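*Asks:* My file is target.csv. It has CSV, C-alpha atoms:
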chain,number,residue,atom,x,y,z
A,1,MET,CA,89.1,112.0,62.8
A,2,THR,CA,92.4,111.6,64.6
A,3,ARG,CA,93.6,114.7,66.2
A,4,ALA,CA,96.8,116.0,64.8
A,5,PHE,CA,99.5,117.3,67.2
A,6,THR,CA,100.8,120.8,66.8
A,7,GLU,CA,104.5,121.2,66.6
A,8,ASP,CA,104.6,122.6,70.1
A,9,GLU,CA,102.6,119.6,71.4
A,10,VAL,CA,105.0,117.2,69.8
A,11,VAL,CA,107.8,118.8,71.7
A,12,ARG,CA,106.0,119.5,75.0
A,13,TYR,CA,104.8,115.9,75.3
A,14,ALA,CA,107.8,114.3,73.8
A,15,ARG,CA,108.7,112.4,77.0
A,16,HIS,CA,105.2,110.9,77.1
A,17,ILE,CA,105.0,110.1,73.4
A,18,ILE,CA,108.3,108.2,73.4
A,19,LEU,CA,107.0,105.9,76.2
A,20,PRO,CA,105.7,102.8,74.4
A,21,GLN,CA,102.9,102.5,77.0
A,22,ILE,CA,101.6,106.0,76.2
A,23,GLY,CA,102.8,107.0,72.7
A,24,GLY,CA,100.9,109.3,70.4
A,25,ASP,CA,97.6,107.5,71.0
A,26,GLY,CA,97.8,107.8,74.8
A,27,GLN,CA,98.8,111.4,74.6
A,28,ARG,CA,95.9,112.1,72.2
A,29,LYS,CA,93.5,110.4,74.8
A,30,LEU,CA,94.8,112.8,77.5
A,31,LEU,CA,94.4,115.9,75.2
A,32,GLU,CA,90.8,114.8,74.6
A,33,SER,CA,90.0,114.1,78.2
A,34,ARG,CA,87.9,116.1,80.7
A,35,VAL,CA,88.7,115.7,84.4
A,36,LEU,CA,87.2,117.3,87.4
A,37,CYS,CA,89.3,118.0,90.5
A,38,VAL,CA,87.1,118.4,93.6
A,39,GLY,CA,89.0,120.9,95.8
A,40,ALA,CA,92.0,123.2,95.0
A,41,GLY,CA,93.8,122.6,98.3
A,42,GLY,CA,96.5,120.2,99.5
A,43,LEU,CA,95.5,117.2,97.4
A,44,GLY,CA,94.0,119.4,94.6
A,45,SER,CA,97.3,121.2,94.1
A,46,PRO,CA,99.5,118.3,92.8
A,47,ILE,CA,96.5,116.7,91.1
A,48,ALA,CA,95.6,119.7,89.0
A,49,MET,CA,99.2,120.6,88.3
A,50,TYR,CA,100.2,117.1,87.1
A,51,LEU,CA,97.0,116.8,85.0
A,52,ALA,CA,97.7,120.1,83.4
A,53,ALA,CA,101.4,119.3,82.8
A,54,ALA,CA,100.4,115.9,81.3
A,55,GLY,CA,98.1,117.7,78.8
A,56,VAL,CA,94.7,116.6,80.0
A,57,GLY,CA,92.6,118.7,77.7
A,58,THR,CA,90.1,120.1,80.1
A,59,VAL,CA,90.7,120.4,83.8
A,60,GLY,CA,87.7,121.5,85.9
A,61,ILE,CA,88.2,122.6,89.5
A,62,VAL,CA,85.5,123.1,92.0
A,63,ASP,CA,86.2,125.0,95.2
A,64,PHE,CA,84.4,127.9,97.0
A,65,ASP,CA,87.2,128.8,99.2
A,66,ARG,CA,89.8,131.7,99.2
A,67,VAL,CA,93.5,131.4,99.6
A,68,ASP,CA,94.7,131.8,103.2
A,69,LEU,CA,98.2,132.2,104.4
A,70,THR,CA,98.0,129.0,106.4
A,71,ASN,CA,97.3,127.1,103.1
A,72,LEU,CA,100.7,127.9,101.6
A,73,GLN,CA,102.7,125.4,103.7
A,74,ARG,CA,101.2,122.7,101.4
A,75,GLN,CA,98.9,124.1,98.7
A,76,ILE,CA,101.5,124.6,96.0
A,77,LEU,CA,98.9,125.8,93.4
A,78,HIS,CA,98.8,129.1,95.3
A,79,GLY,CA,101.4,131.7,96.0
A,80,THR,CA,101.9,134.5,98.5
A,81,SER,CA,100.4,137.1,96.2
A,82,ASP,CA,97.2,134.9,95.9
A,83,VAL,CA,96.2,135.3,99.6
A,84,GLY,CA,92.6,136.4,99.6
A,85,ARG,CA,92.0,135.4,96.0
A,86,SER,CA,89.5,132.8,95.0
A,87,LYS,CA,91.2,129.4,95.0
A,88,VAL,CA,89.9,128.4,91.6
A,89,GLU,CA,91.0,131.7,90.1
A,90,SER,CA,94.5,131.3,91.6
A,91,ALA,CA,94.6,127.7,90.4
A,92,ALA,CA,93.6,128.8,86.8
A,93,THR,CA,96.5,131.3,86.7
A,94,THR,CA,99.0,128.7,87.9
A,95,LEU,CA,97.8,126.0,85.5
A,96,HIS,CA,97.7,128.4,82.5
A,97,GLU,CA,101.3,129.3,83.1
A,98,LEU,CA,102.2,125.6,83.4
A,99,ASN,CA,100.4,124.6,80.2
A,100,PRO,CA,98.4,127.2,78.2
A,101,GLY,CA,97.1,124.4,76.0
A,102,VAL,CA,94.9,123.1,78.7
A,103,GLU,CA,91.4,124.5,79.2
A,104,VAL,CA,90.9,125.2,82.9
A,105,VAL,CA,87.2,125.5,84.0
A,106,PRO,CA,86.9,127.2,87.4
A,107,HIS,CA,83.7,126.3,89.3
A,108,ASP,CA,83.8,128.9,92.1
A,109,THR,CA,80.9,127.4,94.0
A,110,VAL,CA,79.8,125.1,96.8
A,111,LEU,CA,79.3,121.6,95.5
A,112,SER,CA,75.9,120.4,96.6
A,113,SER,CA,73.3,117.8,95.9
A,114,GLU,CA,71.6,120.4,93.7
A,115,ASN,CA,74.5,121.1,91.3
A,116,ALA,CA,76.6,117.9,91.6
A,117,PHE,CA,75.0,116.1,88.6
A,118,ASP,CA,75.3,119.2,86.4
A,119,ILE,CA,79.0,119.9,87.3
A,120,LEU,CA,80.3,116.3,87.5
A,121,GLY,CA,78.2,115.3,84.4
A,122,ARG,CA,80.5,117.4,82.2
A,123,TYR,CA,83.6,115.3,82.9
A,124,ASP,CA,84.9,111.9,82.1
A,125,LEU,CA,86.5,111.3,85.4
A,126,VAL,CA,86.4,112.8,88.9
A,127,ILE,CA,89.2,113.2,91.5
A,128,ASP,CA,88.2,113.8,95.1
A,129,GLY,CA,90.5,116.2,96.9
A,130,SER,CA,87.9,117.6,99.2
A,131,ASP,CA,88.3,118.0,103.0
A,132,ASN,CA,85.1,116.8,104.6
A,133,PHE,CA,82.8,113.7,104.9
A,134,PRO,CA,79.6,115.1,103.4
A,135,VAL,CA,81.3,116.1,100.2
A,136,ARG,CA,83.1,112.7,100.0
A,137,TYR,CA,79.8,110.8,100.2
A,138,LEU,CA,78.2,113.3,97.8
A,139,VAL,CA,81.0,112.8,95.2
A,140,ASN,CA,80.9,109.1,95.7
A,141,ASP,CA,77.2,108.8,95.2
A,142,ALA,CA,77.1,111.2,92.3
A,143,THR,CA,79.9,109.4,90.4
A,144,GLN,CA,78.3,106.0,91.0
A,145,ILE,CA,74.9,107.2,89.8
A,146,LEU,CA,76.4,109.0,86.8
A,147,GLY,CA,78.6,106.0,86.0
A,148,LYS,CA,81.9,107.8,86.2
A,149,PRO,CA,85.3,106.7,87.7
A,150,LEU,CA,86.3,108.4,90.9
A,151,VAL,CA,89.9,108.6,92.1
A,152,TYR,CA,89.8,108.9,95.9
A,153,GLY,CA,92.4,110.3,98.3
A,154,SER,CA,92.3,111.6,101.8
A,155,ILE,CA,94.8,112.6,104.5
A,156,TYR,CA,95.2,113.1,108.2
A,157,GLN,CA,98.3,114.4,109.9
A,158,PHE,CA,101.0,112.1,108.5
A,159,GLU,CA,98.8,109.5,107.0
A,160,GLY,CA,97.1,109.1,103.6
A,161,GLN,CA,94.7,106.8,101.8
A,162,ALA,CA,94.1,106.4,98.1
A,163,THR,CA,92.0,104.2,95.8
A,164,VAL,CA,90.0,104.1,92.6
A,165,PHE,CA,86.2,103.5,92.6
A,166,LEU,CA,84.8,102.4,89.3
A,167,PRO,CA,81.1,102.5,88.7
A,168,GLY,CA,79.1,99.3,88.4
A,169,ARG,CA,78.9,96.0,90.2
A,170,ASP,CA,82.0,94.1,91.3
A,171,SER,CA,83.9,97.3,91.9
A,172,PRO,CA,83.6,98.7,95.4
A,173,CYS,CA,82.6,102.3,96.1
A,174,TYR,CA,83.4,104.6,99.1
A,175,ARG,CA,80.3,103.3,100.9
A,176,CYS,CA,81.6,99.7,100.5
A,177,LEU,CA,84.8,100.9,102.2
A,178,PHE,CA,83.3,103.1,104.9
A,179,PRO,CA,79.5,102.5,105.1
A,180,GLN,CA,79.1,105.3,107.6
A,181,PRO,CA,80.9,108.5,108.5
A,182,PRO,CA,82.4,109.0,112.0
A,183,PRO,CA,80.3,110.9,114.4
A,184,PRO,CA,80.6,114.7,114.0
A,185,GLY,CA,83.5,116.1,116.1
A,186,SER,CA,85.3,112.8,116.5
A,187,VAL,CA,87.9,113.5,113.9
A,188,PRO,CA,89.7,116.8,114.3
A,189,ASN,CA,90.3,118.9,111.2
A,190,CYS,CA,93.6,120.1,109.7
A,191,ALA,CA,93.5,123.4,111.6
A,192,GLU,CA,93.1,121.6,114.9
A,193,ALA,CA,95.2,118.5,114.3
A,194,GLY,CA,97.8,119.9,111.8
A,195,VAL,CA,98.9,118.3,108.6
A,196,PHE,CA,102.4,117.4,107.4
A,197,GLY,CA,102.9,119.8,104.4
A,198,VAL,CA,104.4,117.3,101.9
A,199,LEU,CA,101.8,114.6,102.7
A,200,PRO,CA,99.1,115.8,100.3
A,201,GLY,CA,101.9,116.2,97.7
A,202,ILE,CA,102.5,112.4,97.8
A,203,VAL,CA,98.8,111.3,98.0
A,204,GLY,CA,97.7,113.8,95.4
A,205,SER,CA,100.5,112.7,93.1
A,206,ILE,CA,99.3,109.1,93.5
A,207,GLN,CA,95.7,110.2,92.6
A,208,ALA,CA,97.1,112.0,89.5
A,209,THR,CA,99.0,108.8,88.6
A,210,GLU,CA,95.9,106.7,88.8
A,211,ALA,CA,93.8,109.2,86.8
A,212,ILE,CA,96.3,109.4,84.0
A,213,LYS,CA,96.6,105.6,83.9
A,214,LEU,CA,92.8,105.3,83.7
A,215,LEU,CA,92.6,107.9,80.9
A,216,THR,CA,95.3,106.3,78.8
A,217,GLY,CA,94.2,102.7,79.7
A,218,ILE,CA,97.6,101.6,80.9
A,219,GLY,CA,98.7,99.5,83.9
A,220,ASP,CA,96.8,98.0,86.7
A,221,PRO,CA,94.5,100.5,88.4
A,222,LEU,CA,94.2,100.8,92.2
A,223,VAL,CA,90.7,99.2,92.2
A,224,GLY,CA,89.6,97.0,95.0
A,225,ARG,CA,92.8,97.9,96.9
A,226,LEU,CA,93.3,100.8,99.4
A,227,LEU,CA,96.8,102.2,99.5
A,228,VAL,CA,97.6,103.4,102.9
A,229,PHE,CA,100.7,105.7,103.3
A,230,ASP,CA,102.4,106.5,106.6
A,231,ALA,CA,104.9,109.3,106.1
A,232,LEU,CA,106.5,108.9,109.6
A,233,GLU,CA,107.2,105.2,109.1
A,234,MET,CA,107.7,105.7,105.4
A,235,ASP,CA,105.4,102.7,104.9
A,236,PHE,CA,103.1,101.9,102.0
A,237,GLN,CA,100.5,99.2,102.7
A,238,THR,CA,97.8,97.9,100.5
A,239,VAL,CA,94.6,96.3,101.9
A,240,LYS,CA,91.7,94.7,100.1
A,241,ILE,CA,88.4,96.5,99.5
A,242,ARG,CA,85.5,94.3,98.6
A,243,TRP,CA,82.4,95.2,96.7
A,244,ASP,CA,79.5,95.0,99.2
A,245,PRO,CA,76.4,93.3,97.6
A,246,ALA,CA,74.4,95.1,100.3
A,247,CYS,CA,75.8,98.6,99.5
A,248,PRO,CA,73.0,101.1,99.3
A,249,VAL,CA,74.5,102.8,96.2
A,250,CYS,CA,76.4,100.1,94.2
A,251,GLY,CA,75.0,96.9,95.7
A,252,GLU,CA,72.5,94.4,94.3
A,253,ASN,CA,69.4,96.4,95.5
A,254,PRO,CA,70.4,100.0,95.7
A,255,THR,CA,68.3,102.2,97.9
A,256,VAL,CA,70.2,105.5,97.2
A,257,THR,CA,69.3,106.2,93.6
A,258,GLU,CA,69.4,110.0,93.8
A,259,LEU,CA,71.4,112.5,95.9
A,260,ILE,CA,70.4,112.9,99.5
A,261,ASP,CA,71.1,115.4,102.2
A,262,TYR,CA,74.7,114.6,103.1
A,263,ASP,CA,74.9,116.9,106.1
A,264,GLN,CA,72.1,115.0,107.6
A,265,PHE,CA,73.7,111.7,106.6
A,266,CYS,CA,76.8,112.8,108.4
A,267,GLY,CA,74.9,114.0,111.5
A,268,ILE,CA,75.6,117.7,110.8
A,269,ALA,CA,72.8,120.2,111.7
A,270,PRO,CA,71.7,122.6,109.0
A,271,GLY,CA,74.1,125.5,108.7
A,272,GLU,CA,76.7,123.9,110.9
A,273,VAL,CA,80.3,123.5,109.6
A,274,PRO,CA,81.4,119.9,109.1
A,275,ALA,CA,83.8,119.2,112.1
A,276,GLU,CA,86.6,118.1,109.8
A,277,ALA,CA,86.4,121.0,107.4
A,278,GLU,CA,88.8,123.8,108.2
A,279,HIS,CA,86.6,126.6,107.1
A,280,GLY,CA,83.6,126.9,104.9
A,281,VAL,CA,79.9,126.0,105.1
A,282,ALA,CA,78.1,122.7,105.4
A,283,THR,CA,78.3,120.4,102.4
A,284,SER,CA,80.7,122.6,100.7
A,285,VAL,CA,83.9,121.8,98.9
A,286,GLY,CA,86.7,123.3,100.9
A,287,SER,CA,90.2,122.2,100.5
A,288,ALA,CA,91.8,123.2,103.7
A,289,GLY,CA,93.2,119.8,104.5
B,1,MET,CA,100.1,84.5,120.3
B,2,ALA,CA,101.9,87.7,119.6
B,3,VAL,CA,100.5,89.8,116.8
B,4,ARG,CA,101.6,93.2,115.5
B,5,VAL,CA,98.9,95.9,115.6
B,6,LYS,CA,99.5,98.9,113.3
B,7,LEU,CA,97.9,102.0,114.8
B,8,PRO,CA,96.6,104.9,112.7
B,9,THR,CA,98.0,108.3,113.6
B,10,ILE,CA,94.8,109.2,115.5
B,11,LEU,CA,95.2,106.3,117.9
B,12,ARG,CA,98.9,106.6,118.6
B,13,PRO,CA,98.6,109.1,121.5
B,14,HIS,CA,96.8,106.3,123.4
B,15,ALA,CA,99.9,104.1,123.1
B,16,GLY,CA,102.6,106.7,123.9
B,17,GLY,CA,102.9,107.8,120.3
B,18,VAL,CA,104.2,104.5,118.8
B,19,ALA,CA,103.0,103.2,115.4
B,20,VAL,CA,103.1,99.5,116.1
B,21,VAL,CA,102.2,97.7,119.3
B,22,GLU,CA,102.4,94.0,120.1
B,23,SER,CA,99.3,92.3,121.4
B,24,GLU,CA,98.1,88.8,122.4
B,25,GLY,CA,95.0,86.8,121.7
B,26,SER,CA,93.6,84.0,119.5
B,27,SER,CA,90.9,86.2,118.0
B,28,LEU,CA,90.7,89.8,116.9
B,29,GLY,CA,88.3,90.5,119.7
B,30,GLU,CA,90.8,89.2,122.3
B,31,VAL,CA,93.6,91.2,120.7
B,32,LEU,CA,91.5,94.4,120.9
B,33,LYS,CA,90.5,93.7,124.5
B,34,GLU,CA,94.1,93.1,125.5
B,35,LEU,CA,95.0,96.5,123.9
B,36,GLU,CA,92.2,98.2,125.7
B,37,SER,CA,93.3,96.8,129.0
B,38,ARG,CA,96.8,98.3,128.6
B,39,PHE,CA,95.8,101.5,126.8
B,40,PRO,CA,92.4,102.5,128.1
B,41,GLY,CA,90.3,104.3,125.5
B,42,ILE,CA,92.3,103.1,122.5
B,43,THR,CA,89.4,101.0,121.1
B,44,ARG,CA,86.7,103.6,121.9
B,45,ASN,CA,86.4,104.6,118.3
B,46,VAL,CA,87.0,101.1,116.9
B,47,VAL,CA,84.4,99.0,118.5
B,48,THR,CA,81.1,99.9,120.0
B,49,ASP,CA,80.9,100.3,123.8
B,50,ALA,CA,84.3,98.9,124.6
B,51,ALA,CA,83.4,99.0,128.3
B,52,ASN,CA,80.9,96.2,128.0
B,53,GLY,CA,82.1,93.0,129.8
B,54,ASP,CA,82.9,90.0,127.7
B,55,GLY,CA,81.2,88.8,124.6
B,56,PHE,CA,82.1,90.5,121.3
B,57,TRP,CA,81.3,94.1,120.6
B,58,ALA,CA,80.6,95.3,117.1
B,59,LEU,CA,83.0,97.1,114.9
B,60,HIS,CA,82.1,100.8,114.1
B,61,ARG,CA,81.2,101.2,110.5
B,62,PHE,CA,83.6,104.1,110.0
B,63,VAL,CA,86.6,102.1,111.0
B,64,ASN,CA,88.0,99.1,109.1
B,65,VAL,CA,90.3,96.4,110.6
B,66,TYR,CA,92.4,94.2,108.5
B,67,VAL,CA,94.3,91.0,109.4
B,68,ASN,CA,97.2,90.5,107.0
B,69,GLY,CA,95.5,92.9,104.6
B,70,GLU,CA,92.1,91.2,104.6
B,71,ASP,CA,89.0,93.1,105.8
B,72,VAL,CA,87.7,91.3,108.9
B,73,ARG,CA,84.1,92.0,108.0
B,74,TYR,CA,84.5,89.1,105.6
B,75,THR,CA,86.5,86.8,107.8
B,76,GLY,CA,84.4,86.7,111.0
B,77,VAL,CA,84.7,90.3,112.3
B,78,LEU,CA,85.8,90.2,115.9
B,79,GLN,CA,85.9,86.4,115.9
B,80,THR,CA,88.5,86.4,113.2
B,81,ARG,CA,91.2,84.0,114.2
B,82,VAL,CA,94.7,85.4,114.5
B,83,SER,CA,98.0,83.6,114.9
B,84,ASP,CA,101.5,84.3,115.8
B,85,GLY,CA,103.1,86.9,113.5
B,86,ASP,CA,99.9,88.2,112.0
B,87,THR,CA,99.5,91.9,111.4
B,88,VAL,CA,96.4,93.7,112.4
B,89,SER,CA,95.8,97.1,110.8
B,90,ILE,CA,93.3,99.6,112.1
B,91,LEU,CA,92.1,102.1,109.6
B,92,PRO,CA,89.7,104.9,110.4
B,93,ALA,CA,87.9,107.0,107.8
B,94,VAL,CA,89.7,110.3,107.4
B,95,ALA,CA,88.5,113.2,105.2
B,96,GLY,CA,91.4,115.7,105.0
B,97,GLY,CA,92.5,117.1,101.7
Have the structure of the file written as structure tokens, please.
*Replies:*
Amino acid sequence: MTRAFTEDEVVRYARHIILPQIGGDGQRKLLESRVLCVGAGGLGSPIAMYLAAAGVGTVGIVDFDRVDLTNLQRQILHGTSDVGRSKVESAATTLHELNPGVEVVPHDTVLSSENAFDILGRYDLVIDGSDNFPVRYLVNDATQILGKPLVYGSIYQFEGQATVFLPGRDSPCYRCLFPQPPPPGSVPNCAEAGVFGVLPGIVGSIQATEAIKLLTGIGDPLVGRLLVFDALEMDFQTVKIRWDPACPVCGENPTVTELIDYDQFCGIAPGEVPAEAEHGVATSVGSAG
Amino acid sequence: MAVRVKLPTILRPHAGGVAVVESEGSSLGEVLKELESRFPGITRNVVTDAANGDGFWALHRFVNVYVNGEDVRYTGVLQTRVSDGDTVSILPAVAGG
């Protein structure tokens, strides 16, 4: 049965519904969609806010972290009075105020190989706004195995990357792009290296754009192309990403068919904090970036 | 052959902070060696064991290099031919969020 809009929804989403590419059908698709945002930090802030504003019916957010004063220079989901509060709780308050029609599902937990299928399995699409390599490989492998689209974004200082990984052959995944993580300690984290506050706003907004395009089925998705943004040069560059037939996850003869120990894969000793994560524990979704 | 090499933020300190440097060579390997000779250490996290004499080193698997937007893993890796006016982009994996 086709979902009928309420009077309030017709008004709230009027500027979407009037767009021929979205219309009532597209808006209905958004209202019926379930999206998981991994991380409620720099990238997660614009991602979750634009999804909620657009009327994505269910927005899940997974993050174990608490709001810190140093986050507020870029993590616009959170305010000064939220310092010390759980990030997913703070995010839920902000998103509810933005759009009470959206169901926000807070997952106040460490995303791990043990719970990833259970959490990711409840959503149609996953957006990666995490801040460390183990979680990025975990989310990639889990979405590929579950057959769910993944909208990827990551940042460093003044520079960002974004792309879309679709499940199945012929579409590359994160391991096709970067088969191995850098050695631990070779990439400084945001706390050590700093991050330009507005940068995640741009990259996260690109991720939200791609997610909404995928959900409504419009446009040409950022698949097989990596968008590279340089804020200092104000330069956008697109490079090709090819599907790797030898990829251990999405290649012709996959060898990774279940989730592995991602700390070990990234060369991190048990209990050690991933070098690039600002705070938190190993294989955990922080969002400090 | 003058080619433009776009540097990621993380490598810019090696080249005095600039985003783009000019280099010379007829292959990607030559271009990188020329860069290394002027900016020691700049290719340390791009190719394996940059200090090794001649011959071609291997690209690290957490860094991608593109010539005119094409991933060099599919065009001959370090033997990829480059010509005047080409753009080489070095892109390391980053994880911030």
*Asks:* Got a sec: who's within 12 Å of region 71-74 of chain B, counting only C-alpha atoms, leaving out chain neighbours fewer than 3 positions off, as number ranges by chain?
*Replies:* A: 176-179, 224-226, 238-244; B: 27-29, 58-61, 63-68, 77-82, 87-91
*Asks:* Generate a file of the selected residues that holds C-alpha atoms, formatted as a CSV table (one decimal), in the frame of the given file.
*Replies:*
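This went into result-v1.csv:
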chain,number,residue,atom,x,y,z
A,176,CYS,CA,81.6,99.7,100.5
A,177,LEU,CA,84.8,100.9,102.2
A,178,PHE,CA,83.3,103.1,104.9
A,179,PRO,CA,79.5,102.5,105.1
A,224,GLY,CA,89.6,97.0,95.0
A,225,ARG,CA,92.8,97.9,96.9
A,226,LEU,CA,93.3,100.8,99.4
A,238,THR,CA,97.8,97.9,100.5
A,239,VAL,CA,94.6,96.3,101.9
A,240,LYS,CA,91.7,94.7,100.1
A,241,ILE,CA,88.4,96.5,99.5
A,242,ARG,CA,85.5,94.3,98.6
A,243,TRP,CA,82.4,95.2,96.7
A,244,ASP,CA,79.5,95.0,99.2
B,27,SER,CA,90.9,86.2,118.0
B,28,LEU,CA,90.7,89.8,116.9
B,29,GLY,CA,88.3,90.5,119.7
B,58,ALA,CA,80.6,95.3,117.1
B,59,LEU,CA,83.0,97.1,114.9
B,60,HIS,CA,82.1,100.8,114.1
B,61,ARG,CA,81.2,101.2,110.5
B,63,VAL,CA,86.6,102.1,111.0
B,64,ASN,CA,88.0,99.1,109.1
B,65,VAL,CA,90.3,96.4,110.6
B,66,TYR,CA,92.4,94.2,108.5
B,67,VAL,CA,94.3,91.0,109.4
B,68,ASN,CA,97.2,90.5,107.0
B,77,VAL,CA,84.7,90.3,112.3
B,78,LEU,CA,85.8,90.2,115.9
B,79,GLN,CA,85.9,86.4,115.9
B,80,THR,CA,88.5,86.4,113.2
B,81,ARG,CA,91.2,84.0,114.2
B,82,VAL,CA,94.7,85.4,114.5
B,87,THR,CA,99.5,91.9,111.4
B,88,VAL,CA,96.4,93.7,112.4
B,89,SER,CA,95.8,97.1,110.8
B,90,ILE,CA,93.3,99.6,112.1
B,91,LEU,CA,92.1,102.1,109.6
*Asks:* Return the neighbours of chain B among the residues of chain A, cut-off 6 Å, counting only C-alpha atoms, as a ChimeraX atom specification.
*Replies:* /A:42-43,129-133,154-156,178-182,239-240,287,289
*Asks:* Write out as a PDB file with C-alpha atoms, in the coordinates of the input the residues lying within 9 Å of region 33-40 of chain B, counting all atoms listed in the file and excluding same-chain residues fewer than 2 positions away.
*Replies:*
ATOM      1  CA  HIS B  14      96.800 106.300 123.400  1.00  0.00           C
ATOM      2  CA  ALA B  15      99.900 104.100 123.100  1.00  0.00           C
ATOM      3  CA  VAL B  21     102.200  97.700 119.300  1.00  0.00           C
ATOM      4  CA  GLU B  22     102.400  94.000 120.100  1.00  0.00           C
ATOM      5  CA  SER B  23      99.300  92.300 121.400  1.00  0.00           C
ATOM      6  CA  GLU B  24      98.100  88.800 122.400  1.00  0.00           C
ATOM      7  CA  GLY B  25      95.000  86.800 121.700  1.00  0.00           C
ATOM      8  CA  LEU B  28      90.700  89.800 116.900  1.00  0.00           C
ATOM      9  CA  GLY B  29      88.300  90.500 119.700  1.00  0.00           C
ATOM     10  CA  GLU B  30      90.800  89.200 122.300  1.00  0.00           C
ATOM     11  CA  VAL B  31      93.600  91.200 120.700  1.00  0.00           C
ATOM     12  CA  ILE B  42      92.300 103.100 122.500  1.00  0.00           C
ATOM     13  CA  THR B  43      89.400 101.000 121.100  1.00  0.00           C
ATOM     14  CA  ARG B  44      86.700 103.600 121.900  1.00  0.00           C
ATOM     15  CA  ALA B  50      84.300  98.900 124.600  1.00  0.00           C
TER      16      ALA B  50
END
*Asks:* Counting all atoms listed in the file, figure out which residue out of A:Val88, A:Met49, A:Leu215, A:Leu138 gets nearest to Cys173 (chain A).
*Replies:*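 Looking only at the distances to Cys173 (chain A), the closest residue turns out to be A:Leu138.
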*Asks:* List every protein, DNA or RNA residue with an atom no more than 12 Å from (75.0, 98.8, 98.3) in the file's coordinates, counting all atoms listed in the file, and format the result as a ChimeraX atom specification.
*Replies:* /A:141,144-145,167-179,242-257
*Asks:* Given the choices A:Ile127, A:Ile119, A:Ala211, A:Val38, which gets closest to Asp65 (chain A) if the distance is worked out from only C-alpha atoms?
*Replies:*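 Closest candidate: A:Val38.
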*Asks:* Can you take the partial region 2-17 of chain A, add N, CA and C atoms, and return it as a tab-separated table (two decimals), in the frame of the given file?
*Replies:*
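Writing done, so here's rebuild_26.tsv:
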chain	number	residue	atom	x	y	z
A	2	THR	N	91.31	111.55	63.58
A	2	THR	CA	92.40	111.60	64.60
A	2	THR	C	92.91	113.00	64.70
A	3	ARG	N	93.09	113.38	65.94
A	3	ARG	CA	93.60	114.70	66.20
A	3	ARG	C	95.05	114.81	65.89
A	4	ALA	N	95.43	115.81	65.12
A	4	ALA	CA	96.80	116.00	64.80
A	4	ALA	C	97.51	116.82	65.87
A	5	PHE	N	98.72	116.47	66.24
A	5	PHE	CA	99.50	117.30	67.20
A	5	PHE	C	100.01	118.52	66.56
A	6	THR	N	100.05	119.61	67.28
A	6	THR	CA	100.80	120.80	66.80
A	6	THR	C	102.25	120.55	67.02
A	7	GLU	N	103.06	121.36	66.39
A	7	GLU	CA	104.50	121.20	66.60
A	7	GLU	C	104.90	121.39	68.03
A	8	ASP	N	104.27	122.38	68.65
A	8	ASP	CA	104.60	122.60	70.10
A	8	ASP	C	104.19	121.43	70.93
A	9	GLU	N	103.06	120.79	70.62
A	9	GLU	CA	102.60	119.60	71.40
A	9	GLU	C	103.58	118.45	71.26
A	10	VAL	N	104.09	118.26	70.06
A	10	VAL	CA	105.00	117.20	69.80
A	10	VAL	C	106.25	117.33	70.75
A	11	VAL	N	106.68	118.57	70.89
A	11	VAL	CA	107.80	118.80	71.70
A	11	VAL	C	107.46	118.77	73.21
A	12	ARG	N	106.39	119.44	73.56
A	12	ARG	CA	106.00	119.50	75.00
A	12	ARG	C	105.74	118.11	75.55
A	13	TYR	N	105.11	117.24	74.77
A	13	TYR	CA	104.80	115.90	75.30
A	13	TYR	C	105.70	114.82	74.81
A	14	ALA	N	106.89	115.22	74.33
A	14	ALA	CA	107.80	114.30	73.80
A	14	ALA	C	108.16	113.11	74.71
A	15	ARG	N	108.33	113.43	76.00
A	15	ARG	CA	108.70	112.40	77.00
A	15	ARG	C	107.61	111.39	77.25
A	16	HIS	N	106.38	111.80	77.00
A	16	HIS	CA	105.20	110.90	77.10
A	16	HIS	C	105.14	110.05	75.81
A	17	ILE	N	105.22	110.76	74.68
A	17	ILE	CA	105.00	110.10	73.40
A	17	ILE	C	106.04	109.02	73.13
